[in-house]
Amino acid sequence: MSLYKRGNVWWMRFTTPDGRELRETTGTADRRQAQEYHDTRKAECWRQVKLGERPRYTWQQAVVRWLEEHPHSRWLPNIKQHLRQADPILGLLTLEQIDRDVLDRLTQARIKTDVAPATVNRMLAVIRGILNTARKEWDWIDTVPAVRLLPEPKRRIRWLTHDEAVRLLIELPGHLAAMVRFSLATGLREMNVVELEWKQVDLEQRRAWIHVDQAKGQRRAIAVPLNAQAIVVLREQQGQHSTRVFVYEGNPVTRANNHAWRKALIRAGIENFRWHDLRHTWASWHVQAGTPLNVLQELGGWATLDMVLRYAHLGADHLAEYAERIAKPRIIRTNPGTPEKKAIANSG
């Protein structure tokens, strides 16, 4: 039978003129609409085989192929979530039908759900990436529509004082407290800490490393020097698991930003703070301690200095010498043409 149901939705199945079996959803619970979609797709396949027309690929086909080609992407859970949010509008379209108007309609639909502009932009970036792959690598389409991103408000850097950090550590369960201490000592991102393995650690040389496929925005591995605090944390974790560094009840931790983390923040009286802000805290403490920005860039594995400049205002020690230069007394003549001089202090 060419049409059949899965749940409430009609699916279709038929053999193309070149002998391939095609199965796909019609995306509708209406029998008449499903039949129309079936007939249209069957006619398209005939023209492609008999007349040599270029196949028309659907958004769903592009999504399936992209996911098959990127099964190990570390951002796969987030990407799938974005794709689910886009599916109600893009799900039944061919790639040629996805134009700027469609993307703008999708953007407005997401805005109405009260998500942040950054969240909408991450979804649009995923869509743009798949469309670009379909054009450049698969030759499925000739052009990609312009993707208009939403303006994202600039947010202040959120970081903890040392007293706040102590309050938080007291409230955290042991395994999360260890991960926070390690994060504050190294500045590593959440997944780099969660997925850290013993084979990435050299306690004798006091260093760790993040592989190139784990380094966000980098095309090289990142060396991580381990200070005394980081070494203490790692020694406390020894013997708990043969492969992974951070565990909970003998099993590898899969996520740090969880319910226990959020509850601890409430008990510690710390508001507007995310796990990633631990990295901001680490960088802020470094700048306040006088670490040069170019050194901080290398320590944090940032690709450009621009990413580090957002912390520059937190430390002005390197400017103090220059500020003092105009505070020294100056000798000026009170009456030009006379030898009388007077020392005054420049008060600004």
# chains A, B, ... in the order shown; residues from 1 in each chain; ligands from 1
call {"tool": "closest_atom_pairs", "arguments": {"of": "stretch 196-283 of chain A", "to": "stretch 297-300 of chain A", "cutoff": "10 Å", "atoms": "only C-alpha atoms", "output": "CSV"}}
result
residue,atom,partner,partner_atom,distance
A:Ile222,CA,A:Leu299,CA,8.5
A:Ala223,CA,A:Leu299,CA,7.9
A:Val224,CA,A:Leu299,CA,6.9
A:Pro225,CA,A:Leu299,CA,7.9
A:Arg279,CA,A:Gly300,CA,8.7
A:Trp282,CA,A:Gly300,CA,9.4
A:Ala283,CA,A:Gly300,CA,7.9
call {"tool": "closest_residue", "arguments": {"among": "A:Arg235, A:His259, A:Arg244, A:Arg56", "to": "A:Asp139", "atoms": "only C-alpha atoms"}}
result
A:Arg56
call {"tool": "residues_around", "arguments": {"residues": "A:Arg255", "least_positions_apart": "6", "cutoff": "9 Å", "atoms": "only C-alpha atoms", "output": "ChimeraX atom specification"}}
result
/A:190-191,194
call {"tool": "closest_residue", "arguments": {"among": "A:Arg325, A:Arg23, A:Arg158, A:Arg181", "to": "A:Thr281", "atoms": "only C-alpha atoms"}}
result
A:Arg158
call {"tool": "residues_around", "arguments": {"residues": "A:Ile270", "least_positions_apart": "3", "cutoff": "12 Å", "atoms": "only C-alpha atoms", "output": "ChimeraX atom specification"}}
result
/A:158-161,163-169,171,261-267,273-274,277
call {"tool": "select_by_dssp", "arguments": {"residues": "stretch 14-229 of chain A", "states": "strand (DSSP E)", "output": "ChimeraX atom specification"}}
result
/A:14-15,21-25,201-202,207-210,222-225
call {"tool": "closest_atom_pairs", "arguments": {"of": "stretch 159-242 of chain A", "to": "stretch 68-75 of chain A", "cutoff": "12 Å", "atoms": "only C-alpha atoms", "output": "CSV"}}
result
residue,atom,partner,partner_atom,distance
A:Glu190,CA,A:Arg74,CA,11.9
A:Met191,CA,A:Arg74,CA,8.7
A:Asn192,CA,A:Arg74,CA,10.4
A:Glu195,CA,A:Arg74,CA,10.5
A:Val212,CA,A:Arg74,CA,11.9
A:Asp213,CA,A:Arg74,CA,8.4
A:Gln214,CA,A:Arg74,CA,7.6
A:Ala215,CA,A:Arg74,CA,10.1
A:Lys216,CA,A:Arg74,CA,9.7
call {"tool": "write_last_selection", "arguments": {"atoms": "C-alpha atoms", "output": "PDB file, in the first residue's frame"}}
result
ATOM      1  CA  GLU A 190      32.084  22.665  31.699  1.00  0.00           C
ATOM      2  CA  MET A 191      32.341  19.801  29.186  1.00  0.00           C
ATOM      3  CA  ASN A 192      36.147  19.839  29.309  1.00  0.00           C
ATOM      4  CA  GLU A 195      34.761  14.659  30.147  1.00  0.00           C
ATOM      5  CA  VAL A 212      41.707  19.482  19.431  1.00  0.00           C
ATOM      6  CA  ASP A 213      38.207  18.010  18.983  1.00  0.00           C
ATOM      7  CA  GLN A 214      37.337  19.136  22.516  1.00  0.00           C
ATOM      8  CA  ALA A 215      38.691  22.679  22.169  1.00  0.00           C
ATOM      9  CA  LYS A 216      35.939  25.148  21.351  1.00  0.00           C
TER      10      LYS A 216
END
call {"tool": "atom_distance", "arguments": {"atom1": "atom CA of A:Gly91", "atom2": "atom CA of A:Ala134"}}
result
15.8 Å
call {"tool": "residues_around", "arguments": {"residues": "A:Gln81", "least_positions_apart": "5", "cutoff": "9 Å", "atoms": "only C-alpha atoms", "output": "list in words"}}
result
Leu76, Ala86 and Met123 of chain A
call {"tool": "select_by_dssp", "arguments": {"residues": "stretch 98-179 of chain A", "states": "alpha helix (DSSP H)", "output": "ChimeraX atom specification"}}
result
/A:100-111,117-136,162-171,174-179
call {"tool": "write_last_selection", "arguments": {"atoms": "C-alpha atoms", "output": "compact mmCIF listing (two decimals), in the first residue's frame"}}
result
# COMPACT_ATOMS: atom_id res chain seq x y z
CA ARG A 100 14.58 34.59 3.96
CA ASP A 101 10.83 35.06 4.47
CA VAL A 102 10.55 31.53 5.85
CA LEU A 103 13.51 32.07 8.17
CA ASP A 104 12.08 35.39 9.35
CA ARG A 105 8.77 33.65 10.09
CA LEU A 106 10.65 31.01 12.08
CA THR A 107 12.52 33.72 13.97
CA GLN A 108 9.29 35.50 14.92
CA ALA A 109 7.73 32.22 16.03
CA ARG A 110 10.64 31.55 18.38
CA ILE A 111 10.61 35.11 19.73
CA PRO A 117 17.86 36.42 21.22
CA ALA A 118 21.05 34.40 21.69
CA THR A 119 19.00 31.17 21.72
CA VAL A 120 17.26 32.13 18.47
CA ASN A 121 20.60 33.00 16.90
CA ARG A 122 22.09 29.62 17.86
CA MET A 123 19.16 27.91 16.12
CA LEU A 124 19.60 30.06 13.00
CA ALA A 125 23.32 29.26 12.98
CA VAL A 126 22.54 25.53 12.95
CA ILE A 127 20.13 25.98 10.05
CA ARG A 128 22.63 28.10 8.13
CA GLY A 129 25.33 25.48 8.69
CA ILE A 130 23.17 22.69 7.26
CA LEU A 131 22.12 24.77 4.26
CA ASN A 132 25.73 25.74 3.53
CA THR A 133 26.74 22.07 3.72
CA ALA A 134 23.92 21.17 1.31
CA ARG A 135 25.23 23.77 -1.16
CA LYS A 136 29.00 23.40 -0.84
CA HIS A 162 36.45 34.86 46.85
CA ASP A 163 33.92 35.03 49.70
CA GLU A 164 31.07 34.08 47.35
CA ALA A 165 33.12 31.19 46.00
CA VAL A 166 33.64 29.86 49.55
CA ARG A 167 29.90 30.13 50.27
CA LEU A 168 29.09 28.21 47.11
CA LEU A 169 31.61 25.46 47.78
CA ILE A 170 30.15 24.90 51.24
CA GLU A 171 26.68 24.33 49.78
CA GLY A 174 31.25 16.78 47.21
CA HIS A 175 31.58 15.78 43.55
CA LEU A 176 30.36 19.16 42.29
CA ALA A 177 32.52 21.05 44.78
CA ALA A 178 35.57 19.23 43.43
CA MET A 179 34.63 20.16 39.86
call {"tool": "closest_residue", "arguments": {"among": "A:Thr58, A:Gln238, A:Thr254, A:Ser284", "to": "A:Ile157", "atoms": "only C-alpha atoms"}}
result
A:Ser284
call {"tool": "closest_residue", "arguments": {"among": "A:His211, A:Arg6, A:Lys50, A:Arg84", "to": "A:Glu197", "atoms": "only C-alpha atoms"}}
result
A:His211
call {"tool": "closest_residue", "arguments": {"among": "A:Trp302, A:Phe246, A:Trp209, A:Tyr57", "to": "A:Phe182", "atoms": "only C-alpha atoms"}}
result
A:Phe246
call {"tool": "atom_distance", "arguments": {"atom1": "atom CA of A:Ala29", "atom2": "atom CA of A:Lys80"}}
result
24.2 Å
call {"tool": "atom_distance", "arguments": {"atom1": "atom CA of A:Val144", "atom2": "atom CA of A:Pro88"}}
result
20.1 Å
call {"tool": "closest_residue", "arguments": {"among": "A:Thr94, A:Ser183, A:Thr25, A:Ser2", "to": "A:Trp140", "atoms": "only C-alpha atoms"}}
result
A:Thr94
